[in-house]
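Shown below: query_3.pdb, with PDB, C-alpha atoms.
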ATOM      1  CA  MET A   1      66.687  80.006-137.690  1.00  0.00           C
ATOM      2  CA  PRO A   2      63.841  82.135-136.236  1.00  0.00           C
ATOM      3  CA  ARG A   3      64.590  85.833-135.765  1.00  0.00           C
ATOM      4  CA  ARG A   4      63.062  88.425-133.466  1.00  0.00           C
ATOM      5  CA  TRP A   5      63.635  92.145-132.960  1.00  0.00           C
ATOM      6  CA  GLU A   6      64.843  93.690-129.737  1.00  0.00           C
ATOM      7  CA  ARG A   7      64.958  97.401-128.939  1.00  0.00           C
ATOM      8  CA  SER A   8      68.351  98.846-127.975  1.00  0.00           C
ATOM      9  CA  GLY A   9      68.037 102.533-127.126  1.00  0.00           C
ATOM     10  CA  SER A  10      66.396 104.259-130.106  1.00  0.00           C
ATOM     11  CA  ARG A  11      67.162 101.395-132.473  1.00  0.00           C
ATOM     12  CA  HIS A  12      65.977  97.847-133.044  1.00  0.00           C
ATOM     13  CA  ARG A  13      68.311  94.955-133.720  1.00  0.00           C
ATOM     14  CA  ALA A  14      67.688  91.465-135.029  1.00  0.00           C
ATOM     15  CA  VAL A  15      68.324  88.580-132.637  1.00  0.00           C
ATOM     16  CA  VAL A  16      68.646  85.026-133.933  1.00  0.00           C
ATOM     17  CA  ASP A  17      67.218  82.439-131.557  1.00  0.00           C
ATOM     18  CA  PRO A  18      69.032  79.079-131.339  1.00  0.00           C
ATOM     19  CA  PRO A  19      67.181  76.105-132.805  1.00  0.00           C
ATOM     20  CA  PRO A  20      65.030  74.195-130.285  1.00  0.00           C
ATOM     21  CA  LYS A  21      66.646  71.129-128.775  1.00  0.00           C
ATOM     22  CA  LEU A  22      65.189  67.917-130.140  1.00  0.00           C
ATOM     23  CA  ASN A  23      64.664  64.902-127.922  1.00  0.00           C
ATOM     24  CA  ARG A  24      66.909  62.215-129.359  1.00  0.00           C
ATOM     25  CA  VAL A  25      65.284  58.816-129.607  1.00  0.00           C
ATOM     26  CA  MET A  26      67.870  56.195-128.720  1.00  0.00           C
ATOM     27  CA  LYS A  27      67.671  52.781-130.332  1.00  0.00           C
ATOM     28  CA  PRO A  28      68.106  49.781-127.999  1.00  0.00           C
ATOM     29  CA  ALA A  29      71.234  47.651-128.213  1.00  0.00           C
ATOM     30  CA  ALA A  30      72.462  44.455-126.558  1.00  0.00           C
ATOM     31  CA  VAL A  31      75.909  43.014-125.893  1.00  0.00           C
ATOM     32  CA  GLY A  32      77.020  39.392-125.613  1.00  0.00           C
ATOM     33  CA  PHE A  33      80.109  38.009-123.881  1.00  0.00           C
ATOM     34  CA  ARG A  34      82.168  34.851-124.306  1.00  0.00           C
ATOM     35  CA  VAL A  35      84.709  34.884-121.495  1.00  0.00           C
ATOM     36  CA  HIS A  36      88.194  33.359-121.366  1.00  0.00           C
ATOM     37  CA  SER A  37      90.844  33.457-118.649  1.00  0.00           C
ATOM     38  CA  GLY A  38      91.854  37.098-118.414  1.00  0.00           C
ATOM     39  CA  TRP A  39      89.757  38.478-121.275  1.00  0.00           C
ATOM     40  CA  THR A  40      86.413  38.401-123.012  1.00  0.00           C
ATOM     41  CA  ALA A  41      85.151  38.608-126.555  1.00  0.00           C
ATOM     42  CA  LEU A  42      82.118  40.841-126.918  1.00  0.00           C
ATOM     43  CA  VAL A  43      79.688  41.676-129.690  1.00  0.00           C
ATOM     44  CA  ALA A  44      77.152  44.506-129.520  1.00  0.00           C
ATOM     45  CA  LEU A  45      74.122  44.565-131.786  1.00  0.00           C
ATOM     46  CA  THR A  46      70.727  46.100-132.344  1.00  0.00           C
ATOM     47  CA  VAL A  47      67.598  44.272-133.493  1.00  0.00           C
ATOM     48  CA  ASN A  48      65.167  45.880-135.911  1.00  0.00           C
ATOM     49  CA  LYS A  49      62.047  43.970-136.963  1.00  0.00           C
ATOM     50  CA  GLY A  50      63.664  40.707-135.921  1.00  0.00           C
ATOM     51  CA  THR A  51      66.895  41.306-137.846  1.00  0.00           C
ATOM     52  CA  PRO A  52      70.131  41.876-135.892  1.00  0.00           C
ATOM     53  CA  SER A  53      72.768  44.368-137.018  1.00  0.00           C
ATOM     54  CA  ILE A  54      76.227  44.223-135.480  1.00  0.00           C
ATOM     55  CA  LEU A  55      77.504  47.474-133.976  1.00  0.00           C
ATOM     56  CA  ARG A  56      80.774  46.365-132.328  1.00  0.00           C
ATOM     57  CA  ARG A  57      83.110  43.382-132.256  1.00  0.00           C
ATOM     58  CA  GLN A  58      85.952  43.661-129.805  1.00  0.00           C
ATOM     59  CA  ARG A  59      88.022  42.133-127.052  1.00  0.00           C
ATOM     60  CA  ALA A  60      88.302  43.431-123.506  1.00  0.00           C
ATOM     61  CA  GLU A  61      91.077  42.441-121.127  1.00  0.00           C
ATOM     62  CA  LEU A  62      90.063  41.563-117.577  1.00  0.00           C
ATOM     63  CA  ALA A  63      93.574  41.434-116.115  1.00  0.00           C
ATOM     64  CA  ARG A  64      95.681  44.588-116.005  1.00  0.00           C
ATOM     65  CA  THR A  65      98.935  42.637-116.337  1.00  0.00           C
ATOM     66  CA  PHE A  66      98.207  40.224-119.152  1.00  0.00           C
ATOM     67  CA  THR A  67     100.489  37.350-118.239  1.00  0.00           C
ATOM     68  CA  TYR A  68      99.814  33.757-117.203  1.00  0.00           C
ATOM     69  CA  GLU A  69     100.283  34.614-113.525  1.00  0.00           C
ATOM     70  CA  TYR A  70      97.370  37.059-113.555  1.00  0.00           C
ATOM     71  CA  ARG A  71      95.197  35.472-116.243  1.00  0.00           C
ATOM     72  CA  GLN A  72      95.145  32.199-114.253  1.00  0.00           C
ATOM     73  CA  PRO A  73      94.779  33.495-110.686  1.00  0.00           C
ATOM     74  CA  TYR A  74      93.826  30.189-109.053  1.00  0.00           C
ATOM     75  CA  HIS A  75      96.753  28.403-110.715  1.00  0.00           C
ATOM     76  CA  THR A  76      98.995  31.102-109.285  1.00  0.00           C
ATOM     77  CA  ALA A  77      97.330  30.980-105.877  1.00  0.00           C
ATOM     78  CA  ALA A  78      97.900  27.206-105.680  1.00  0.00           C
ATOM     79  CA  LYS A  79     101.652  27.902-105.493  1.00  0.00           C
ATOM     80  CA  MET A  80     101.287  30.377-102.617  1.00  0.00           C
ATOM     81  CA  PRO A  81     100.934  29.976 -98.840  1.00  0.00           C
ATOM     82  CA  ALA A  82      97.269  29.776 -97.839  1.00  0.00           C
ATOM     83  CA  ASP A  83      97.053  33.289 -96.378  1.00  0.00           C
ATOM     84  CA  GLU A  84      98.660  34.871 -99.453  1.00  0.00           C
ATOM     85  CA  ALA A  85      96.521  32.805-101.837  1.00  0.00           C
ATOM     86  CA  GLY A  86      93.262  34.259-100.549  1.00  0.00           C
ATOM     87  CA  VAL A  87      94.541  37.820-100.716  1.00  0.00           C
ATOM     88  CA  PHE A  88      95.809  37.335-104.283  1.00  0.00           C
ATOM     89  CA  VAL A  89      92.553  35.835-105.565  1.00  0.00           C
ATOM     90  CA  SER A  90      90.532  38.617-103.919  1.00  0.00           C
ATOM     91  CA  ARG A  91      92.765  41.242-105.521  1.00  0.00           C
ATOM     92  CA  MET A  92      92.427  39.689-108.969  1.00  0.00           C
ATOM     93  CA  ARG A  93      88.653  39.384-108.557  1.00  0.00           C
ATOM     94  CA  ALA A  94      88.374  43.086-107.694  1.00  0.00           C
ATOM     95  CA  GLU A  95      90.604  44.028-110.626  1.00  0.00           C
ATOM     96  CA  ALA A  96      88.598  41.916-113.071  1.00  0.00           C
ATOM     97  CA  ARG A  97      85.355  43.500-111.896  1.00  0.00           C
ATOM     98  CA  ARG A  98      86.821  46.965-112.260  1.00  0.00           C
ATOM     99  CA  LEU A  99      88.072  46.299-115.797  1.00  0.00           C
ATOM    100  CA  ALA A 100      84.782  44.685-116.825  1.00  0.00           C
ATOM    101  CA  LEU A 101      82.906  47.747-115.605  1.00  0.00           C
ATOM    102  CA  GLU A 102      85.291  50.045-117.494  1.00  0.00           C
ATOM    103  CA  ALA A 103      84.792  48.054-120.690  1.00  0.00           C
ATOM    104  CA  ILE A 104      80.994  48.222-120.490  1.00  0.00           C
ATOM    105  CA  ARG A 105      80.976  51.916-119.597  1.00  0.00           C
ATOM    106  CA  LYS A 106      83.260  52.635-122.548  1.00  0.00           C
ATOM    107  CA  LEU A 107      80.996  50.618-124.853  1.00  0.00           C
ATOM    108  CA  GLU A 108      77.924  52.454-123.549  1.00  0.00           C
ATOM    109  CA  GLY A 109      79.573  55.789-124.293  1.00  0.00           C
ATOM    110  CA  ALA A 110      80.621  54.829-127.812  1.00  0.00           C
ATOM    111  CA  LEU A 111      77.202  53.445-128.698  1.00  0.00           C
ATOM    112  CA  GLY A 112      75.473  56.458-127.177  1.00  0.00           C
ATOM    113  CA  LYS A 113      77.308  58.776-129.558  1.00  0.00           C
ATOM    114  CA  GLU A 114      75.852  56.740-132.421  1.00  0.00           C
ATOM    115  CA  GLY A 115      72.299  56.887-131.119  1.00  0.00           C
ATOM    116  CA  TYR A 116      72.124  53.540-129.334  1.00  0.00           C
ATOM    117  CA  SER A 117      71.304  52.799-125.711  1.00  0.00           C
ATOM    118  CA  LEU A 118      72.731  49.608-124.252  1.00  0.00           C
ATOM    119  CA  THR A 119      69.745  47.947-122.563  1.00  0.00           C
ATOM    120  CA  ARG A 120      70.464  44.189-122.461  1.00  0.00           C
ATOM    121  CA  SER A 121      73.393  41.818-122.076  1.00  0.00           C
ATOM    122  CA  GLY A 122      74.027  38.110-122.431  1.00  0.00           C
ATOM    123  CA  LEU A 123      76.708  35.810-121.059  1.00  0.00           C
ATOM    124  CA  LEU A 124      77.776  32.284-121.911  1.00  0.00           C
ATOM    125  CA  LEU A 125      78.238  30.040-118.900  1.00  0.00           C
ATOM    126  CA  ALA A 126      80.412  27.003-118.382  1.00  0.00           C
ATOM    127  CA  SER A 127      78.967  23.636-117.445  1.00  0.00           C
ATOM    128  CA  GLY A 128      80.922  23.194-114.223  1.00  0.00           C
ATOM    129  CA  ARG A 129      79.374  22.350-110.891  1.00  0.00           C
ATOM    130  CA  PRO A 130      79.241  24.880-107.996  1.00  0.00           C
ATOM    131  CA  LEU A 131      82.654  25.568-106.493  1.00  0.00           C
ATOM    132  CA  PRO A 132      83.696  24.859-102.888  1.00  0.00           C
ATOM    133  CA  GLU A 133      85.699  27.204-100.661  1.00  0.00           C
ATOM    134  CA  LEU A 134      89.192  28.274-101.712  1.00  0.00           C
ATOM    135  CA  ALA A 135      91.009  25.411 -99.959  1.00  0.00           C
ATOM    136  CA  GLY A 136      88.821  22.857-101.734  1.00  0.00           C
ATOM    137  CA  ILE A 137      89.407  24.523-105.098  1.00  0.00           C
ATOM    138  CA  LEU A 138      93.177  24.612-104.687  1.00  0.00           C
ATOM    139  CA  ALA A 139      93.221  20.924-103.754  1.00  0.00           C
ATOM    140  CA  SER A 140      91.792  19.940-107.172  1.00  0.00           C
ATOM    141  CA  HIS A 141      93.457  20.728-110.493  1.00  0.00           C
ATOM    142  CA  SER A 142      90.192  20.406-112.399  1.00  0.00           C
ATOM    143  CA  LEU A 143      88.462  22.808-110.011  1.00  0.00           C
ATOM    144  CA  ILE A 144      91.335  25.272-110.384  1.00  0.00           C
ATOM    145  CA  HIS A 145      90.648  25.394-114.132  1.00  0.00           C
ATOM    146  CA  THR A 146      86.934  25.901-113.493  1.00  0.00           C
ATOM    147  CA  ALA A 147      87.512  28.597-110.888  1.00  0.00           C
ATOM    148  CA  ASP A 148      89.786  30.636-113.176  1.00  0.00           C
ATOM    149  CA  GLY A 149      87.017  30.893-115.748  1.00  0.00           C
ATOM    150  CA  GLU A 150      84.310  31.552-113.177  1.00  0.00           C
ATOM    151  CA  LEU A 151      86.219  34.452-111.650  1.00  0.00           C
ATOM    152  CA  PHE A 152      86.150  36.335-114.951  1.00  0.00           C
ATOM    153  CA  ARG A 153      82.562  35.383-115.789  1.00  0.00           C
ATOM    154  CA  GLU A 154      81.486  36.639-112.370  1.00  0.00           C
ATOM    155  CA  ALA A 155      83.269  39.909-113.160  1.00  0.00           C
ATOM    156  CA  ILE A 156      81.029  40.376-116.204  1.00  0.00           C
ATOM    157  CA  LEU A 157      77.906  39.569-114.182  1.00  0.00           C
ATOM    158  CA  ASP A 158      78.946  42.058-111.521  1.00  0.00           C
ATOM    159  CA  ALA A 159      79.625  44.776-114.104  1.00  0.00           C
ATOM    160  CA  THR A 160      76.344  44.298-115.967  1.00  0.00           C
ATOM    161  CA  ALA A 161      74.466  44.489-112.661  1.00  0.00           C
ATOM    162  CA  ARG A 162      76.252  47.703-111.698  1.00  0.00           C
ATOM    163  CA  CYS A 163      75.386  49.170-115.099  1.00  0.00           C
ATOM    164  CA  GLY A 164      71.741  48.205-114.664  1.00  0.00           C
ATOM    165  CA  LEU A 165      71.833  45.819-117.622  1.00  0.00           C
ATOM    166  CA  PRO A 166      69.627  42.718-117.383  1.00  0.00           C
ATOM    167  CA  CYS A 167      71.844  39.746-118.248  1.00  0.00           C
ATOM    168  CA  ALA A 168      70.469  36.622-119.922  1.00  0.00           C
ATOM    169  CA  THR A 169      72.667  33.570-119.412  1.00  0.00           C
ATOM    170  CA  VAL A 170      72.950  30.273-121.237  1.00  0.00           C
ATOM    171  CA  LYS A 171      75.353  27.378-120.885  1.00  0.00           C
ATOM    172  CA  GLU A 172      77.616  27.263-123.896  1.00  0.00           C
ATOM    173  CA  LYS A 173      76.833  23.601-124.500  1.00  0.00           C
ATOM    174  CA  ASP A 174      73.121  24.522-124.828  1.00  0.00           C
ATOM    175  CA  LEU A 175      73.575  27.554-127.054  1.00  0.00           C
ATOM    176  CA  LEU A 176      73.132  26.013-130.486  1.00  0.00           C
ATOM    177  CA  GLU A 177      70.001  24.200-129.360  1.00  0.00           C
ATOM    178  CA  ALA A 178      68.484  27.059-127.360  1.00  0.00           C
ATOM    179  CA  ALA A 179      69.109  29.788-129.942  1.00  0.00           C
ATOM    180  CA  PRO A 180      66.921  28.492-132.818  1.00  0.00           C
ATOM    181  CA  ARG A 181      64.021  27.769-130.452  1.00  0.00           C
ATOM    182  CA  THR A 182      64.186  31.128-128.699  1.00  0.00           C
ATOM    183  CA  LEU A 183      64.642  33.072-131.941  1.00  0.00           C
ATOM    184  CA  GLY A 184      61.939  31.130-133.782  1.00  0.00           C
ATOM    185  CA  LEU A 185      64.292  30.002-136.547  1.00  0.00           C
ATOM    186  CA  LYS A 186      65.272  26.672-138.013  1.00  0.00           C
ATOM    187  CA  SER A 187      68.809  25.639-137.111  1.00  0.00           C
ATOM    188  CA  SER A 188      69.785  25.589-140.784  1.00  0.00           C
ATOM    189  CA  ASP A 189      68.441  29.116-141.311  1.00  0.00           C
ATOM    190  CA  LEU A 190      70.240  30.420-138.244  1.00  0.00           C
ATOM    191  CA  LEU A 191      73.561  28.892-139.299  1.00  0.00           C
ATOM    192  CA  ARG A 192      73.091  30.328-142.785  1.00  0.00           C
ATOM    193  CA  ARG A 193      72.623  33.797-141.286  1.00  0.00           C
ATOM    194  CA  ILE A 194      75.738  33.442-139.171  1.00  0.00           C
ATOM    195  CA  ARG A 195      77.823  32.361-142.171  1.00  0.00           C
ATOM    196  CA  GLY A 196      76.413  35.222-144.216  1.00  0.00           C
ATOM    197  CA  LEU A 197      77.350  37.725-141.532  1.00  0.00           C
ATOM    198  CA  GLY A 198      80.901  36.419-141.518  1.00  0.00           C
ATOM    199  CA  ARG A 199      81.203  36.884-145.284  1.00  0.00           C
ATOM    200  CA  SER A 200      79.794  40.418-145.192  1.00  0.00           C
ATOM    201  CA  LEU A 201      81.695  41.599-142.113  1.00  0.00           C
ATOM    202  CA  GLY A 202      85.022  39.917-142.711  1.00  0.00           C
ATOM    203  CA  PRO A 203      87.422  38.907-139.942  1.00  0.00           C
ATOM    204  CA  PRO A 204      87.437  38.537-137.053  1.00  0.00           C
ATOM    205  CA  TRP A 205      84.542  36.070-137.182  1.00  0.00           C
ATOM    206  CA  SER A 206      85.753  33.158-135.093  1.00  0.00           C
ATOM    207  CA  GLN A 207      83.720  31.073-132.688  1.00  0.00           C
ATOM    208  CA  ASP A 208      84.206  33.830-130.101  1.00  0.00           C
ATOM    209  CA  GLU A 209      82.427  36.393-132.282  1.00  0.00           C
ATOM    210  CA  LYS A 210      79.752  33.947-133.454  1.00  0.00           C
ATOM    211  CA  TYR A 211      78.845  32.810-129.949  1.00  0.00           C
ATOM    212  CA  SER A 212      78.994  36.349-128.507  1.00  0.00           C
ATOM    213  CA  PHE A 213      76.706  37.460-131.336  1.00  0.00           C
ATOM    214  CA  LEU A 214      74.246  34.669-130.628  1.00  0.00           C
ATOM    215  CA  VAL A 215      74.026  35.284-126.887  1.00  0.00           C
ATOM    216  CA  ALA A 216      73.648  39.032-127.522  1.00  0.00           C
ATOM    217  CA  TRP A 217      70.772  38.323-129.912  1.00  0.00           C
ATOM    218  CA  LEU A 218      69.167  35.983-127.398  1.00  0.00           C
ATOM    219  CA  SER A 219      69.453  38.621-124.686  1.00  0.00           C
ATOM    220  CA  ALA A 220      67.755  41.156-126.947  1.00  0.00           C
ATOM    221  CA  VAL A 221      64.637  39.012-127.411  1.00  0.00           C
ATOM    222  CA  ALA A 222      64.448  36.993-124.175  1.00  0.00           C
ATOM    223  CA  PRO A 223      62.818  38.164-120.935  1.00  0.00           C
ATOM    224  CA  PRO A 224      65.231  40.265-118.844  1.00  0.00           C
ATOM    225  CA  SER A 225      67.864  38.296-116.916  1.00  0.00           C
ATOM    226  CA  ALA A 226      66.580  34.981-118.284  1.00  0.00           C
ATOM    227  CA  ARG A 227      68.579  31.826-117.750  1.00  0.00           C
ATOM    228  CA  LEU A 228      68.130  30.061-121.049  1.00  0.00           C
ATOM    229  CA  SER A 229      68.430  26.404-121.905  1.00  0.00           C
ATOM    230  CA  ALA A 230      67.120  24.189-124.645  1.00  0.00           C
ATOM    231  CA  ARG A 231      64.265  23.132-122.326  1.00  0.00           C
ATOM    232  CA  VAL A 232      63.379  26.629-121.095  1.00  0.00           C
ATOM    233  CA  ALA A 233      63.608  28.175-124.546  1.00  0.00           C
ATOM    234  CA  THR A 234      60.969  25.836-125.971  1.00  0.00           C
ATOM    235  CA  ARG A 235      58.304  27.180-123.647  1.00  0.00           C
ATOM    236  CA  GLY A 236      59.576  30.696-122.992  1.00  0.00           C
ATOM    237  CA  LYS A 237      57.918  33.541-124.844  1.00  0.00           C
ATOM    238  CA  SER A 238      60.392  35.629-126.821  1.00  0.00           C
ATOM    239  CA  ARG A 239      60.154  39.404-126.619  1.00  0.00           C
ATOM    240  CA  ARG A 240      61.657  41.408-129.434  1.00  0.00           C
ATOM    241  CA  GLN A 241      62.955  44.914-129.166  1.00  0.00           C
TER
END
Using structure tokens, write down the structure that the file contains.
Amino acid sequence: MPRRWERSGSRHRAVVDPPPKLNRVMKPAAVGFRVHSGWTALVALTVNKGTPSILRRQRAELARTFTYEYRQPYHTAAKMPADEAGVFVSRMRAEARRLALEAIRKLEGALGKEGYSLTRSGLLLASGRPLPELAGILASHSLIHTADGELFREAILDATARCGLPCATVKEKDLLEAAPRTLGLKSSDLLRRIRGLGRSLGPPWSQDEKYSFLVAWLSAVAPPSARLSARVATRGKSRRQ
């Protein structure tokens, strides 16, 4: 450390200056989500020269009380009087958004300590049609199933927006067709990479982790907040970190 001399009365004493603070260069990272009723799988990664490296694999709960009643809010609301049903769904929506935000903030903090800045996100979407008002949803069992999933996916979208993270979205049914085109890889090469990652990382490496990994990778190279599909990906220009 650099030293300098200071005068103190008739004497001089050595003073050690602290080292200068260095500006830390943060490496960009992305996170992908595959949402279920009441929870989400997530995978965070960084991309260097076109090669992704996984930083985190984890699960985040989006319902404070993790029971069927709260993980399936529209199923529960269907058994309630109409006025209570709306209040219950609104409460569960607010709770899911709050927990999603907590999960992303916690991930940002952990990655930051390791020198990574979370800059992108990706989310898998369902294939369901737009939902009607609450009464219409509760009148249809199939729409109740759809609405339960959408509530928790919307919580992730809300949280990424509040964190300032662009979120690329892709329908799950399109993922395996859109990914090779967007990433500029043959399907066989992409699948080989995914299998190789599973062998090197070990469990868990289920479909949740694989799909979360893929949508995170897509979000890292796609234009911000892109909505990807097999058709869009063929003509969209990829942008690598």
**Request:** Find the residues near region 35-47 of chain A: any atom within 7 Å, counting only C-alpha atoms, skip ones fewer than 3 places away on the same chain, and give them as a count of residues only.
**Result:** 31
**Request:** Could you state which residues are captured by the PyMOL selection byres ((chain A and resi 75) around 10) in this file, as JSON, numbers by chain?
**Result:** {"A": [68, 69, 70, 71, 72, 73, 74, 76, 77, 78, 79, 80, 85, 89, 138, 141, 144, 145, 147, 148]}
Taking every listed atom of region 203-221 of chain A and adding 6 Å to each side, what centre and edge lengths in Å (one decimal) does the axis-aligned box have, as JSON?
{"center_x": 76.0, "center_y": 36.1, "center_z": -132.3, "size_x": 34.8, "size_y": 22.1, "size_z": 27.3}
**Ground truth for the PyMOL selection byres ((chain A and resi 101) around 10), written as a PyMOL selection string** = chain A and resi 62+95-100+102-107+155-163
**Item:** Interatomic distance, CA of Cys167 (chain A) to CA of Arg227 (chain A) (Å, one decimal)
**Value:** 8.6 Å
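The residues that lie within 7 Å of the point (69.4, 38.7, -117.4), counting only C-alpha atoms, are Ser121, Gly122, Pro166, Cys167, Ala168, Thr169, Pro224, Ser225, Ala226 and Arg227 of chain A.
The gap separating CA of Lys210 (chain A) from CA of Leu118 (chain A) is 19.5 Å, in Å to one decimal.
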